[in-house]
Amino acid sequence: MTTGGQGPEGAPPSAFPWDDVLALALHDLRWRPADVWAATPRELAAAAGFSRRASPMSRADLDRLIAAHPDPS
């Protein structure tokens with residue numbers, strides 16, 4: 001956990017990307033301004049197609065990865 005308004009490893013926190021969020025919501029998604037301001041960050045992320053869950057790797061993908069990068073003998 002960070003304290004004192006600091007980001008990871010003492011770096012200053014980055015500014016929220018308002019211009020990007022507004023462009024996405026108003027232009028791409030065509031939301032009304034009232035809907036943009038009523039939405040939570042999680043709702044905006046879901047509408048934008050962001051997901052926190054990655055698909056699990058299949059066995060075939062794992063086998064290809066192992067074949068492409070074998071452990072040294």
# chains A, B, ... in the order shown; residues from 1 in each chain; ligands from 1
>>> residues_around(residues="range 33-46 of chain A", least_positions_apart="4", cutoff="12 Å", atoms="only C-alpha atoms", output="PyMOL selection string")
chain A and resi 16-18+20-29+50-53
>>> select_by_dssp(residues="chain A", states="helix (DSSP H, G or I)", output="PyMOL selection string")
chain A and resi 8-10+18-28+33-38+41-48+59-68
>>> write_last_selection(atoms="N, CA and C atoms", output="compact mmCIF listing (two decimals), in the first residue's frame")
# COMPACT_ATOMS: atom_id res chain seq x y z
N PRO A 8 3.44 3.86 -6.90
CA PRO A 8 4.35 2.75 -6.60
C PRO A 8 5.79 3.24 -6.46
N GLU A 9 6.49 2.70 -5.49
CA GLU A 9 7.90 2.99 -5.25
C GLU A 9 8.19 4.49 -5.15
N GLY A 10 7.27 5.24 -4.54
CA GLY A 10 7.48 6.65 -4.30
C GLY A 10 7.27 7.57 -5.49
N TRP A 18 -8.77 11.71 -18.03
CA TRP A 18 -10.12 12.20 -18.31
C TRP A 18 -10.39 12.34 -19.80
N ASP A 19 -9.44 12.90 -20.56
CA ASP A 19 -9.67 13.09 -22.00
C ASP A 19 -9.96 11.77 -22.70
N ASP A 20 -9.21 10.73 -22.34
CA ASP A 20 -9.42 9.42 -22.95
C ASP A 20 -10.76 8.82 -22.55
N VAL A 21 -11.11 8.96 -21.27
CA VAL A 21 -12.38 8.41 -20.78
C VAL A 21 -13.55 9.12 -21.46
N LEU A 22 -13.49 10.44 -21.53
CA LEU A 22 -14.58 11.19 -22.17
C LEU A 22 -14.69 10.87 -23.65
N ALA A 23 -13.56 10.75 -24.33
CA ALA A 23 -13.60 10.40 -25.76
C ALA A 23 -14.22 9.03 -25.96
N LEU A 24 -13.83 8.08 -25.12
CA LEU A 24 -14.39 6.73 -25.22
C LEU A 24 -15.90 6.75 -24.97
N ALA A 25 -16.29 7.34 -23.86
CA ALA A 25 -17.70 7.28 -23.46
C ALA A 25 -18.61 8.11 -24.35
N LEU A 26 -18.19 9.33 -24.66
CA LEU A 26 -19.06 10.22 -25.44
C LEU A 26 -19.00 9.94 -26.93
N HIS A 27 -17.82 9.66 -27.44
CA HIS A 27 -17.68 9.47 -28.88
C HIS A 27 -17.86 8.01 -29.29
N ASP A 28 -17.06 7.12 -28.72
CA ASP A 28 -17.09 5.72 -29.15
C ASP A 28 -18.34 4.99 -28.67
N PRO A 33 -23.91 12.57 -21.61
CA PRO A 33 -23.05 13.05 -20.52
C PRO A 33 -23.53 12.62 -19.14
N ALA A 34 -24.83 12.63 -18.91
CA ALA A 34 -25.36 12.22 -17.60
C ALA A 34 -24.99 10.76 -17.30
N ASP A 35 -24.99 9.93 -18.32
CA ASP A 35 -24.63 8.52 -18.13
C ASP A 35 -23.14 8.36 -17.84
N VAL A 36 -22.31 9.19 -18.48
CA VAL A 36 -20.87 9.13 -18.24
C VAL A 36 -20.59 9.46 -16.77
N TRP A 37 -21.16 10.55 -16.29
CA TRP A 37 -20.88 11.00 -14.93
C TRP A 37 -21.52 10.10 -13.89
N ALA A 38 -22.53 9.34 -14.25
CA ALA A 38 -23.17 8.43 -13.31
C ALA A 38 -22.47 7.07 -13.25
N PRO A 41 -16.04 3.64 -12.38
CA PRO A 41 -14.88 3.21 -13.18
C PRO A 41 -15.00 1.76 -13.66
N ARG A 42 -15.57 0.90 -12.83
CA ARG A 42 -15.75 -0.50 -13.23
C ARG A 42 -16.72 -0.61 -14.40
N GLU A 43 -17.79 0.19 -14.39
CA GLU A 43 -18.75 0.17 -15.50
C GLU A 43 -18.11 0.69 -16.78
N LEU A 44 -17.31 1.75 -16.67
CA LEU A 44 -16.62 2.27 -17.84
C LEU A 44 -15.66 1.22 -18.41
N ALA A 45 -14.92 0.55 -17.54
CA ALA A 45 -13.98 -0.48 -18.00
C ALA A 45 -14.71 -1.62 -18.69
N ALA A 46 -15.82 -2.04 -18.12
CA ALA A 46 -16.59 -3.13 -18.73
C ALA A 46 -17.15 -2.71 -20.09
N ALA A 47 -17.66 -1.49 -20.18
CA ALA A 47 -18.20 -1.01 -21.45
C ALA A 47 -17.11 -0.88 -22.50
N ALA A 48 -15.90 -0.57 -22.06
CA ALA A 48 -14.77 -0.43 -22.99
C ALA A 48 -14.21 -1.79 -23.41
N ARG A 59 -3.74 -26.51 -22.52
CA ARG A 59 -2.63 -27.46 -22.50
C ARG A 59 -1.85 -27.39 -23.81
N ALA A 60 -2.54 -27.21 -24.93
CA ALA A 60 -1.87 -27.11 -26.22
C ALA A 60 -0.98 -25.87 -26.27
N ASP A 61 -1.46 -24.75 -25.72
CA ASP A 61 -0.63 -23.54 -25.66
C ASP A 61 0.59 -23.75 -24.79
N LEU A 62 0.41 -24.42 -23.66
CA LEU A 62 1.54 -24.70 -22.77
C LEU A 62 2.56 -25.60 -23.47
N ASP A 63 2.09 -26.63 -24.18
CA ASP A 63 3.00 -27.53 -24.89
C ASP A 63 3.79 -26.78 -25.96
N ARG A 64 3.14 -25.85 -26.68
CA ARG A 64 3.84 -25.05 -27.69
C ARG A 64 4.88 -24.14 -27.04
N LEU A 65 4.56 -23.57 -25.91
CA LEU A 65 5.49 -22.71 -25.19
C LEU A 65 6.70 -23.49 -24.71
N ILE A 66 6.44 -24.69 -24.16
CA ILE A 66 7.54 -25.54 -23.69
C ILE A 66 8.44 -25.95 -24.85
N ALA A 67 7.84 -26.29 -25.99
CA ALA A 67 8.62 -26.69 -27.16
C ALA A 67 9.44 -25.52 -27.70
N ALA A 68 8.89 -24.33 -27.66
CA ALA A 68 9.59 -23.15 -28.19
C ALA A 68 10.71 -22.68 -27.27
